[in-house]
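As structure tokens, the structure follows; a few thoughts come after it.
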Amino acid sequence: MSLFNDKNSEENRLKEMIQSLQATIQEKNKELHEKEYLLIEQAKLAQMGEMLNMIAHQWRQPLNALSASAINLSFKNELNLLTPEFIEEISKFIQKETLTMSGIIDDFMEFNKSDINREFFLYEAVNEAIKMITPQLRNKSILLETEIDKDLKVFHNIKSIEHVLLNIITNAKDAFDSKEETTEKKIKISTQCDEKGIRLDIEDNAGGIPEEIINKIFDPYFTTKAKGKGTGIGLYMSKLMVENVAGASLNVETKNGTTIFSVLFNQ
């Protein structure tokens with residue numbers, strides 16, 4: 001009888017241990033999901049701030065042009081030099097500039113739309129990212145080169161790849177700010193296709209990444225930027241977005257002052 005009771009007692013203790021372990025695992029999973037959700041929200045806010053900076057940068061030139069036109073119009077009015085032809089010219093110019101500004105907003109809204117995993121031409125994602133960041137690169141005298149095979153198609157989320165590209169290019173742009181002036185600031189985006197799959201490379205000559213930290217750059221909250229200029233979650237989220245689809249990976253290597261981020265799509 002005692003042996004039977006001892007056996008039941010052991011089974012009950014084992015069941016309690018299993019239940020306790022399951023409860024602990026569920027609690028830890030819940031905590032991980034909550035932390036991941038917070039990271040995603042932080043990444044969204046950080047990228048939203050970057051997007052607003054880009055919009056402000058692209059709006060500055062047409063706004064200055066509109067301001068100059070208003071001053072010119074007022075000046076001619078004071079001197080009684082206004083003519084129907086001049087008013088018509090100014091009117092058409094204002095319409096053109098406001099349409100340009102509206103188009104910039106449309107581009108950014110389209111860029112931020114969600115999408116599903118599907119097959120798409122890789123150059124489409126590259127073109128969208130370039131459209132967003134080109135004015136800032138030009139302002140900092142950074143040369144952007146592309147060597148994209150327009151026939152390459154991959155299966156992924158095109159919006160995720162666009163955001164990853166934008167984040168990596170933005171990081172490269174910022175890296176030039178903290179380095180000594182180079183003879184030529186250059187970012188190159190290229191594609192390769194072989195037996196391993198399709199590879200998208202983003203290469204810059206902003207000085208490279210020190211060997212002692214290169215294994216940490218995809219860690220959450222790790223950043224080399226000055227305080228207040230980086231959250232340390234951009235590359236972490238980029239890796240999550242790329243590797244969220246089976247067969248895709250994001251890696252980095254550095255050599256001779258050059259950094260290369262590679263997105264690999266296994267075919």
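Chains: A, B, ... in order of the structure tokens. Residues: from 1 per chain. Ligands: from 1, in order shown.
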Subject >> Residues within 12 Å of Phe108 (chain A), only C-alpha atoms, excluding chain neighbours under 6 positions, as an MDAnalysis selection string >> reply: chainID A and resid 47:48 50:56 58 101:102 128:129 131:133 159 162:163
Limited to N, CA and C atoms, could you put the picked residues into a file as a tab-separated table (two decimals), in the first residue's frame?
chain	number	residue	atom	x	y	z
A	47	GLN	N	12.07	55.24	-37.27
A	47	GLN	CA	12.04	55.39	-38.72
A	47	GLN	C	11.07	56.50	-39.13
A	48	MET	N	10.00	56.67	-38.36
A	48	MET	CA	9.08	57.76	-38.64
A	48	MET	C	9.79	59.11	-38.52
A	50	GLU	N	12.97	59.61	-38.94
A	50	GLU	CA	13.87	59.70	-40.09
A	50	GLU	C	13.11	60.11	-41.34
A	51	MET	N	11.90	59.55	-41.49
A	51	MET	CA	11.06	59.88	-42.65
A	51	MET	C	10.69	61.37	-42.63
A	52	LEU	N	10.33	61.87	-41.45
A	52	LEU	CA	9.97	63.29	-41.34
A	52	LEU	C	11.16	64.17	-41.71
A	53	ASN	N	12.36	63.76	-41.30
A	53	ASN	CA	13.56	64.51	-41.67
A	53	ASN	C	13.75	64.53	-43.19
A	54	MET	N	13.48	63.40	-43.82
A	54	MET	CA	13.62	63.31	-45.27
A	54	MET	C	12.61	64.20	-45.98
A	55	ILE	N	11.35	64.17	-45.49
A	55	ILE	CA	10.32	65.02	-46.08
A	55	ILE	C	10.70	66.49	-45.93
A	56	ALA	N	11.14	66.86	-44.72
A	56	ALA	CA	11.54	68.26	-44.47
A	56	ALA	C	12.67	68.67	-45.41
A	58	GLN	N	13.39	67.40	-48.40
A	58	GLN	CA	12.92	67.49	-49.78
A	58	GLN	C	11.97	68.67	-49.99
A	101	MET	N	5.55	69.09	-54.05
A	101	MET	CA	5.48	68.80	-52.62
A	101	MET	C	4.44	67.72	-52.33
A	102	SER	N	3.32	67.80	-53.02
A	102	SER	CA	2.28	66.78	-52.84
A	102	SER	C	2.78	65.41	-53.30
A	128	GLU	N	12.80	52.27	-54.98
A	128	GLU	CA	11.96	52.97	-54.01
A	128	GLU	C	12.80	53.54	-52.86
A	129	ALA	N	13.74	52.72	-52.37
A	129	ALA	CA	14.60	53.19	-51.28
A	129	ALA	C	15.48	54.35	-51.74
A	131	LYS	N	14.87	56.50	-54.06
A	131	LYS	CA	14.05	57.70	-54.25
A	131	LYS	C	13.92	58.48	-52.95
A	132	MET	N	13.82	57.76	-51.83
A	132	MET	CA	13.66	58.42	-50.54
A	132	MET	C	14.93	59.13	-50.07
A	133	ILE	N	16.06	58.50	-50.29
A	133	ILE	CA	17.30	58.96	-49.64
A	133	ILE	C	18.21	59.79	-50.55
A	159	LYS	N	8.11	45.62	-49.09
A	159	LYS	CA	8.18	46.79	-48.20
A	159	LYS	C	9.24	46.58	-47.12
A	162	GLU	N	12.56	47.23	-48.73
A	162	GLU	CA	12.74	48.67	-48.93
A	162	GLU	C	13.18	49.36	-47.63
A	163	HIS	N	12.53	49.00	-46.52
A	163	HIS	CA	12.88	49.60	-45.22
A	163	HIS	C	14.28	49.20	-44.78
**OP:** From a DSSP pass on the backbone, collect the residues of region 1-211 of chain A flagged as strand (DSSP E or B) and hand them back as a count of residues only.
**Re:** 34
**OP:** Can you work out which one of A:Glu195, A:Glu147, A:Glu11, A:Val252 has the shortest atom-to-atom distance to Asn215 (chain A), counting only C-alpha atoms?
**Re:** A:Val252
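Distances here use only C-alpha atoms; by that measure, the residue among A:Lys35, A:Lys76, A:Lys173, A:Lys140 closest to Gly207 (chain A) is A:Lys173.
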Original post:
With only C-alpha atoms as the atoms that count, which of A:Asn244, A:Ser67, A:Asn139, A:Asn12 lies nearest to Asn117 (chain A)?
Top reply: A:Asn244
**OP:** Pick out the residues sitting within 6 Å of Glu203 (chain A), and hand them over as number ranges by chain; count only C-alpha atoms, and ignore anything fewer than 2 positions along from it in its own chain.
**Re:** A: 187-188, 259-260
Original post:
If we count only C-alpha atoms, what is near Leu73 (chain A) at a cut-off of 12 Å, once residues fewer than 5 positions away on the same chain are taken out, given as a list in words?
Top reply: Leu66, Ser67, Ala68, Glu78, Leu79, Asn80, Leu81, Leu82, Thr83, Pro84, Phe86, Ile87, Glu88, Glu89, Ile90, Ser91 and Ile94 of chain A
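Note that the spacing between CA of Asn157 (chain A) and CA of Gln136 (chain A) amounts to 25.5 Å.
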**OP:** For CA of Asp194 (chain A) and CA of Ile217 (chain A), determine how far apart the two atoms are, in Å to one decimal place.
**Re:**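 Interatomic distance, CA of Asp194 (chain A) to CA of Ile217 (chain A): 27.3 Å.
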If DSSP is run on the backbone, what residues of region 74-210 of chain A are alpha helix (DSSP H)? A reply as a PDB file with N, CA and C atoms, in the first residue's frame would be ideal.
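To be explicit, this is the file written out as part-v9.pdb:
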ATOM      1  N   SER A  74       5.208  90.567 -54.273  1.00  0.00           N
ATOM      2  CA  SER A  74       4.942  91.728 -53.432  1.00  0.00           C
ATOM      3  C   SER A  74       5.757  92.941 -53.891  1.00  0.00           C
ATOM      4  N   PHE A  75       7.014  92.684 -54.243  1.00  0.00           N
ATOM      5  CA  PHE A  75       7.903  93.770 -54.685  1.00  0.00           C
ATOM      6  C   PHE A  75       7.373  94.439 -55.956  1.00  0.00           C
ATOM      7  N   LYS A  76       6.980  93.627 -56.937  1.00  0.00           N
ATOM      8  CA  LYS A  76       6.468  94.167 -58.196  1.00  0.00           C
ATOM      9  C   LYS A  76       5.145  94.894 -57.984  1.00  0.00           C
ATOM     10  N   ASN A  77       4.358  94.398 -57.023  1.00  0.00           N
ATOM     11  CA  ASN A  77       3.083  95.058 -56.728  1.00  0.00           C
ATOM     12  C   ASN A  77       3.315  96.465 -56.160  1.00  0.00           C
ATOM     13  N   GLU A  78       4.301  96.572 -55.265  1.00  0.00           N
ATOM     14  CA  GLU A  78       4.614  97.884 -54.666  1.00  0.00           C
ATOM     15  C   GLU A  78       5.093  98.889 -55.722  1.00  0.00           C
ATOM     16  N   PRO A  84      -0.544  90.968 -66.247  1.00  0.00           N
ATOM     17  CA  PRO A  84      -1.280  89.694 -66.320  1.00  0.00           C
ATOM     18  C   PRO A  84      -0.361  88.522 -66.661  1.00  0.00           C
ATOM     19  N   GLU A  85       0.616  88.775 -67.522  1.00  0.00           N
ATOM     20  CA  GLU A  85       1.539  87.719 -67.928  1.00  0.00           C
ATOM     21  C   GLU A  85       2.397  87.248 -66.750  1.00  0.00           C
ATOM     22  N   PHE A  86       2.880  88.211 -65.955  1.00  0.00           N
ATOM     23  CA  PHE A  86       3.709  87.847 -64.797  1.00  0.00           C
ATOM     24  C   PHE A  86       2.890  87.085 -63.750  1.00  0.00           C
ATOM     25  N   ILE A  87       1.666  87.550 -63.512  1.00  0.00           N
ATOM     26  CA  ILE A  87       0.788  86.867 -62.541  1.00  0.00           C
ATOM     27  C   ILE A  87       0.511  85.442 -62.988  1.00  0.00           C
ATOM     28  N   GLU A  88       0.292  85.254 -64.291  1.00  0.00           N
ATOM     29  CA  GLU A  88       0.050  83.916 -64.834  1.00  0.00           C
ATOM     30  C   GLU A  88       1.289  83.040 -64.669  1.00  0.00           C
ATOM     31  N   GLU A  89       2.447  83.625 -64.908  1.00  0.00           N
ATOM     32  CA  GLU A  89       3.708  82.885 -64.760  1.00  0.00           C
ATOM     33  C   GLU A  89       3.912  82.432 -63.313  1.00  0.00           C
ATOM     34  N   ILE A  90       3.694  83.366 -62.369  1.00  0.00           N
ATOM     35  CA  ILE A  90       3.849  83.035 -60.957  1.00  0.00           C
ATOM     36  C   ILE A  90       2.835  81.983 -60.537  1.00  0.00           C
ATOM     37  N   SER A  91       1.614  82.106 -61.028  1.00  0.00           N
ATOM     38  CA  SER A  91       0.562  81.145 -60.690  1.00  0.00           C
ATOM     39  C   SER A  91       0.927  79.734 -61.134  1.00  0.00           C
ATOM     40  N   LYS A  92       1.435  79.609 -62.355  1.00  0.00           N
ATOM     41  CA  LYS A  92       1.829  78.290 -62.864  1.00  0.00           C
ATOM     42  C   LYS A  92       3.009  77.726 -62.069  1.00  0.00           C
ATOM     43  N   PHE A  93       3.932  78.618 -61.699  1.00  0.00           N
ATOM     44  CA  PHE A  93       5.092  78.175 -60.922  1.00  0.00           C
ATOM     45  C   PHE A  93       4.664  77.642 -59.553  1.00  0.00           C
ATOM     46  N   ILE A  94       3.743  78.361 -58.891  1.00  0.00           N
ATOM     47  CA  ILE A  94       3.252  77.935 -57.572  1.00  0.00           C
ATOM     48  C   ILE A  94       2.539  76.591 -57.674  1.00  0.00           C
ATOM     49  N   GLN A  95       1.719  76.427 -58.726  1.00  0.00           N
ATOM     50  CA  GLN A  95       1.035  75.151 -58.921  1.00  0.00           C
ATOM     51  C   GLN A  95       2.036  74.016 -59.111  1.00  0.00           C
ATOM     52  N   LYS A  96       3.087  74.267 -59.892  1.00  0.00           N
ATOM     53  CA  LYS A  96       4.113  73.246 -60.147  1.00  0.00           C
ATOM     54  C   LYS A  96       4.816  72.842 -58.857  1.00  0.00           C
ATOM     55  N   GLU A  97       5.210  73.835 -58.048  1.00  0.00           N
ATOM     56  CA  GLU A  97       5.937  73.548 -56.810  1.00  0.00           C
ATOM     57  C   GLU A  97       5.059  72.820 -55.791  1.00  0.00           C
ATOM     58  N   THR A  98       3.789  73.220 -55.690  1.00  0.00           N
ATOM     59  CA  THR A  98       2.895  72.552 -54.729  1.00  0.00           C
ATOM     60  C   THR A  98       2.601  71.119 -55.170  1.00  0.00           C
ATOM     61  N   LEU A  99       2.540  70.887 -56.484  1.00  0.00           N
ATOM     62  CA  LEU A  99       2.358  69.517 -56.978  1.00  0.00           C
ATOM     63  C   LEU A  99       3.582  68.668 -56.655  1.00  0.00           C
ATOM     64  N   THR A 100       4.757  69.297 -56.747  1.00  0.00           N
ATOM     65  CA  THR A 100       5.994  68.590 -56.381  1.00  0.00           C
ATOM     66  C   THR A 100       5.967  68.177 -54.916  1.00  0.00           C
ATOM     67  N   MET A 101       5.555  69.087 -54.049  1.00  0.00           N
ATOM     68  CA  MET A 101       5.484  68.801 -52.616  1.00  0.00           C
ATOM     69  C   MET A 101       4.442  67.724 -52.325  1.00  0.00           C
ATOM     70  N   SER A 102       3.315  67.800 -53.020  1.00  0.00           N
ATOM     71  CA  SER A 102       2.277  66.780 -52.844  1.00  0.00           C
ATOM     72  C   SER A 102       2.781  65.411 -53.296  1.00  0.00           C
ATOM     73  N   GLY A 103       3.557  65.395 -54.392  1.00  0.00           N
ATOM     74  CA  GLY A 103       4.122  64.145 -54.890  1.00  0.00           C
ATOM     75  C   GLY A 103       5.084  63.508 -53.896  1.00  0.00           C
ATOM     76  N   ILE A 104       5.844  64.353 -53.190  1.00  0.00           N
ATOM     77  CA  ILE A 104       6.768  63.847 -52.165  1.00  0.00           C
ATOM     78  C   ILE A 104       5.993  63.122 -51.065  1.00  0.00           C
ATOM     79  N   ILE A 105       4.881  63.718 -50.623  1.00  0.00           N
ATOM     80  CA  ILE A 105       4.048  63.080 -49.602  1.00  0.00           C
ATOM     81  C   ILE A 105       3.489  61.764 -50.114  1.00  0.00           C
ATOM     82  N   ASP A 106       3.025  61.749 -51.364  1.00  0.00           N
ATOM     83  CA  ASP A 106       2.479  60.517 -51.957  1.00  0.00           C
ATOM     84  C   ASP A 106       3.534  59.412 -51.979  1.00  0.00           C
ATOM     85  N   ASP A 107       4.775  59.786 -52.342  1.00  0.00           N
ATOM     86  CA  ASP A 107       5.867  58.799 -52.380  1.00  0.00           C
ATOM     87  C   ASP A 107       6.097  58.179 -51.006  1.00  0.00           C
ATOM     88  N   PHE A 108       6.107  59.013 -49.967  1.00  0.00           N
ATOM     89  CA  PHE A 108       6.363  58.508 -48.618  1.00  0.00           C
ATOM     90  C   PHE A 108       5.197  57.667 -48.106  1.00  0.00           C
ATOM     91  N   MET A 109       3.970  58.049 -48.454  1.00  0.00           N
ATOM     92  CA  MET A 109       2.804  57.256 -48.047  1.00  0.00           C
ATOM     93  C   MET A 109       2.822  55.892 -48.719  1.00  0.00           C
ATOM     94  N   GLU A 110       3.191  55.872 -49.992  1.00  0.00           N
ATOM     95  CA  GLU A 110       3.279  54.608 -50.721  1.00  0.00           C
ATOM     96  C   GLU A 110       4.387  53.735 -50.140  1.00  0.00           C
ATOM     97  N   PHE A 111       5.479  54.382 -49.768  1.00  0.00           N
ATOM     98  CA  PHE A 111       6.622  53.658 -49.214  1.00  0.00           C
ATOM     99  C   PHE A 111       6.254  52.956 -47.913  1.00  0.00           C
ATOM    100  N   LEU A 122      13.806  42.624 -57.818  1.00  0.00           N
ATOM    101  CA  LEU A 122      14.611  43.225 -56.762  1.00  0.00           C
ATOM    102  C   LEU A 122      14.881  44.707 -57.027  1.00  0.00           C
ATOM    103  N   TYR A 123      15.028  45.082 -58.291  1.00  0.00           N
ATOM    104  CA  TYR A 123      15.342  46.480 -58.599  1.00  0.00           C
ATOM    105  C   TYR A 123      14.211  47.418 -58.184  1.00  0.00           C
ATOM    106  N   GLU A 124      12.964  46.900 -58.092  1.00  0.00           N
ATOM    107  CA  GLU A 124      11.834  47.737 -57.684  1.00  0.00           C
ATOM    108  C   GLU A 124      12.031  48.232 -56.250  1.00  0.00           C
ATOM    109  N   ALA A 125      12.448  47.338 -55.366  1.00  0.00           N
ATOM    110  CA  ALA A 125      12.696  47.721 -53.970  1.00  0.00           C
ATOM    111  C   ALA A 125      13.861  48.698 -53.874  1.00  0.00           C
ATOM    112  N   VAL A 126      14.907  48.446 -54.651  1.00  0.00           N
ATOM    113  CA  VAL A 126      16.079  49.325 -54.645  1.00  0.00           C
ATOM    114  C   VAL A 126      15.690  50.728 -55.107  1.00  0.00           C
ATOM    115  N   ASN A 127      14.915  50.812 -56.175  1.00  0.00           N
ATOM    116  CA  ASN A 127      14.513  52.122 -56.708  1.00  0.00           C
ATOM    117  C   ASN A 127      13.702  52.927 -55.705  1.00  0.00           C
ATOM    118  N   GLU A 128      12.795  52.271 -54.978  1.00  0.00           N
ATOM    119  CA  GLU A 128      11.956  52.971 -54.006  1.00  0.00           C
ATOM    120  C   GLU A 128      12.803  53.538 -52.864  1.00  0.00           C
ATOM    121  N   ALA A 129      13.738  52.724 -52.370  1.00  0.00           N
ATOM    122  CA  ALA A 129      14.603  53.187 -51.279  1.00  0.00           C
ATOM    123  C   ALA A 129      15.479  54.346 -51.736  1.00  0.00           C
ATOM    124  N   ILE A 130      16.023  54.228 -52.943  1.00  0.00           N
ATOM    125  CA  ILE A 130      16.885  55.279 -53.479  1.00  0.00           C
ATOM    126  C   ILE A 130      16.114  56.588 -53.623  1.00  0.00           C
ATOM    127  N   LYS A 131      14.866  56.495 -54.058  1.00  0.00           N
ATOM    128  CA  LYS A 131      14.045  57.697 -54.253  1.00  0.00           C
ATOM    129  C   LYS A 131      13.916  58.483 -52.947  1.00  0.00           C
ATOM    130  N   MET A 132      13.822  57.761 -51.831  1.00  0.00           N
ATOM    131  CA  MET A 132      13.657  58.416 -50.539  1.00  0.00           C
ATOM    132  C   MET A 132      14.929  59.127 -50.067  1.00  0.00           C
ATOM    133  N   ILE A 133      16.065  58.504 -50.295  1.00  0.00           N
ATOM    134  CA  ILE A 133      17.297  58.961 -49.642  1.00  0.00           C
ATOM    135  C   ILE A 133      18.212  59.786 -50.546  1.00  0.00           C
ATOM    136  N   THR A 134      18.012  59.752 -51.860  1.00  0.00           N
ATOM    137  CA  THR A 134      18.913  60.430 -52.788  1.00  0.00           C
ATOM    138  C   THR A 134      19.137  61.910 -52.485  1.00  0.00           C
ATOM    139  N   PRO A 135      18.086  62.701 -52.197  1.00  0.00           N
ATOM    140  CA  PRO A 135      18.334  64.128 -51.918  1.00  0.00           C
ATOM    141  C   PRO A 135      19.298  64.352 -50.758  1.00  0.00           C
ATOM    142  N   GLN A 136      19.210  63.536 -49.704  1.00  0.00           N
ATOM    143  CA  GLN A 136      20.116  63.705 -48.564  1.00  0.00           C
ATOM    144  C   GLN A 136      21.533  63.293 -48.922  1.00  0.00           C
ATOM    145  N   LEU A 137      21.667  62.243 -49.723  1.00  0.00           N
ATOM    146  CA  LEU A 137      23.009  61.820 -50.145  1.00  0.00           C
ATOM    147  C   LEU A 137      23.654  62.901 -51.007  1.00  0.00           C
ATOM    148  N   ARG A 138      22.876  63.466 -51.908  1.00  0.00           N
ATOM    149  CA  ARG A 138      23.390  64.521 -52.779  1.00  0.00           C
ATOM    150  C   ARG A 138      23.817  65.735 -51.956  1.00  0.00           C
ATOM    151  N   ASN A 139      23.047  66.038 -50.923  1.00  0.00           N
ATOM    152  CA  ASN A 139      23.361  67.186 -50.068  1.00  0.00           C
ATOM    153  C   ASN A 139      24.679  67.002 -49.327  1.00  0.00           C
ATOM    154  N   ILE A 158       8.270  43.026 -50.134  1.00  0.00           N
ATOM    155  CA  ILE A 158       8.984  44.115 -50.798  1.00  0.00           C
ATOM    156  C   ILE A 158       9.127  45.336 -49.894  1.00  0.00           C
ATOM    157  N   LYS A 159       8.110  45.623 -49.085  1.00  0.00           N
ATOM    158  CA  LYS A 159       8.183  46.786 -48.200  1.00  0.00           C
ATOM    159  C   LYS A 159       9.239  46.585 -47.116  1.00  0.00           C
ATOM    160  N   SER A 160       9.370  45.363 -46.629  1.00  0.00           N
ATOM    161  CA  SER A 160      10.406  45.066 -45.632  1.00  0.00           C
ATOM    162  C   SER A 160      11.791  45.291 -46.223  1.00  0.00           C
ATOM    163  N   ILE A 161      11.999  44.819 -47.453  1.00  0.00           N
ATOM    164  CA  ILE A 161      13.304  44.994 -48.098  1.00  0.00           C
ATOM    165  C   ILE A 161      13.589  46.470 -48.352  1.00  0.00           C
ATOM    166  N   GLU A 162      12.563  47.234 -48.733  1.00  0.00           N
ATOM    167  CA  GLU A 162      12.739  48.674 -48.926  1.00  0.00           C
ATOM    168  C   GLU A 162      13.184  49.356 -47.629  1.00  0.00           C
ATOM    169  N   HIS A 163      12.532  48.999 -46.516  1.00  0.00           N
ATOM    170  CA  HIS A 163      12.876  49.603 -45.225  1.00  0.00           C
ATOM    171  C   HIS A 163      14.281  49.201 -44.777  1.00  0.00           C
ATOM    172  N   VAL A 164      14.644  47.948 -45.025  1.00  0.00           N
ATOM    173  CA  VAL A 164      15.989  47.478 -44.666  1.00  0.00           C
ATOM    174  C   VAL A 164      17.043  48.246 -45.467  1.00  0.00           C
ATOM    175  N   LEU A 165      16.806  48.379 -46.762  1.00  0.00           N
ATOM    176  CA  LEU A 165      17.728  49.144 -47.609  1.00  0.00           C
ATOM    177  C   LEU A 165      17.861  50.584 -47.125  1.00  0.00           C
ATOM    178  N   LEU A 166      16.733  51.199 -46.837  1.00  0.00           N
ATOM    179  CA  LEU A 166      16.756  52.593 -46.385  1.00  0.00           C
ATOM    180  C   LEU A 166      17.532  52.727 -45.085  1.00  0.00           C
ATOM    181  N   ASN A 167      17.346  51.785 -44.172  1.00  0.00           N
ATOM    182  CA  ASN A 167      18.041  51.846 -42.887  1.00  0.00           C
ATOM    183  C   ASN A 167      19.555  51.690 -43.062  1.00  0.00           C
ATOM    184  N   ILE A 168      19.972  50.742 -43.896  1.00  0.00           N
ATOM    185  CA  ILE A 168      21.405  50.506 -44.107  1.00  0.00           C
ATOM    186  C   ILE A 168      22.057  51.691 -44.815  1.00  0.00           C
ATOM    187  N   ILE A 169      21.380  52.228 -45.831  1.00  0.00           N
ATOM    188  CA  ILE A 169      21.927  53.384 -46.549  1.00  0.00           C
ATOM    189  C   ILE A 169      22.011  54.600 -45.626  1.00  0.00           C
ATOM    190  N   THR A 170      20.983  54.788 -44.799  1.00  0.00           N
ATOM    191  CA  THR A 170      20.985  55.912 -43.845  1.00  0.00           C
ATOM    192  C   THR A 170      22.138  55.777 -42.858  1.00  0.00           C
ATOM    193  N   ASN A 171      22.379  54.550 -42.377  1.00  0.00           N
ATOM    194  CA  ASN A 171      23.508  54.320 -41.462  1.00  0.00           C
ATOM    195  C   ASN A 171      24.840  54.653 -42.132  1.00  0.00           C
ATOM    196  N   ALA A 172      24.954  54.274 -43.411  1.00  0.00           N
ATOM    197  CA  ALA A 172      26.187  54.577 -44.146  1.00  0.00           C
ATOM    198  C   ALA A 172      26.353  56.084 -44.284  1.00  0.00           C
ATOM    199  N   LYS A 173      25.260  56.773 -44.596  1.00  0.00           N
ATOM    200  CA  LYS A 173      25.299  58.247 -44.710  1.00  0.00           C
ATOM    201  C   LYS A 173      25.775  58.868 -43.398  1.00  0.00           C
ATOM    202  N   ASP A 174      25.223  58.393 -42.278  1.00  0.00           N
ATOM    203  CA  ASP A 174      25.608  58.928 -40.973  1.00  0.00           C
ATOM    204  C   ASP A 174      27.056  58.593 -40.629  1.00  0.00           C
ATOM    205  N   ALA A 175      27.521  57.427 -41.094  1.00  0.00           N
ATOM    206  CA  ALA A 175      28.892  57.011 -40.792  1.00  0.00           C
ATOM    207  C   ALA A 175      29.915  57.971 -41.412  1.00  0.00           C
ATOM    208  N   PHE A 176      29.590  58.532 -42.567  1.00  0.00           N
ATOM    209  CA  PHE A 176      30.508  59.491 -43.200  1.00  0.00           C
ATOM    210  C   PHE A 176      30.674  60.743 -42.349  1.00  0.00           C
ATOM    211  N   ASP A 177      29.634  61.092 -41.577  1.00  0.00           N
ATOM    212  CA  ASP A 177      29.702  62.298 -40.742  1.00  0.00           C
ATOM    213  C   ASP A 177      30.738  62.173 -39.637  1.00  0.00           C
TER     214      ASP A 177
END
**OP:** Calculate how many Å separate CA of Asp204 (chain A) from CA of Ser141 (chain A), rounding to one decimal.
**Re:**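 Interatomic distance, CA of Asp204 (chain A) to CA of Ser141 (chain A): 13.5 Å.
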Original post:
For Glu184 (chain A), which residue out of A:Ala246, A:Leu152, A:Leu143, A:Glu211 is the nearest one, using only C-alpha atoms?
Top reply: A:Leu143
Subject >> Residue nearest Thr258 (chain A) among A:Ile148, A:Ile116, A:Ile209, A:Ile71 (counting only C-alpha atoms) >> reply: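 Of all the options, A:Ile209 lies closest to Thr258 (chain A).
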**OP:** Go through A:Ser249, A:Thr191, A:Ala206, A:Asp201 and flag the residue nearest Ser178 (chain A), using only C-alpha atoms for the distances.
**Re:**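 Answer, going by the shortest atom-to-atom distance: A:Ala206.
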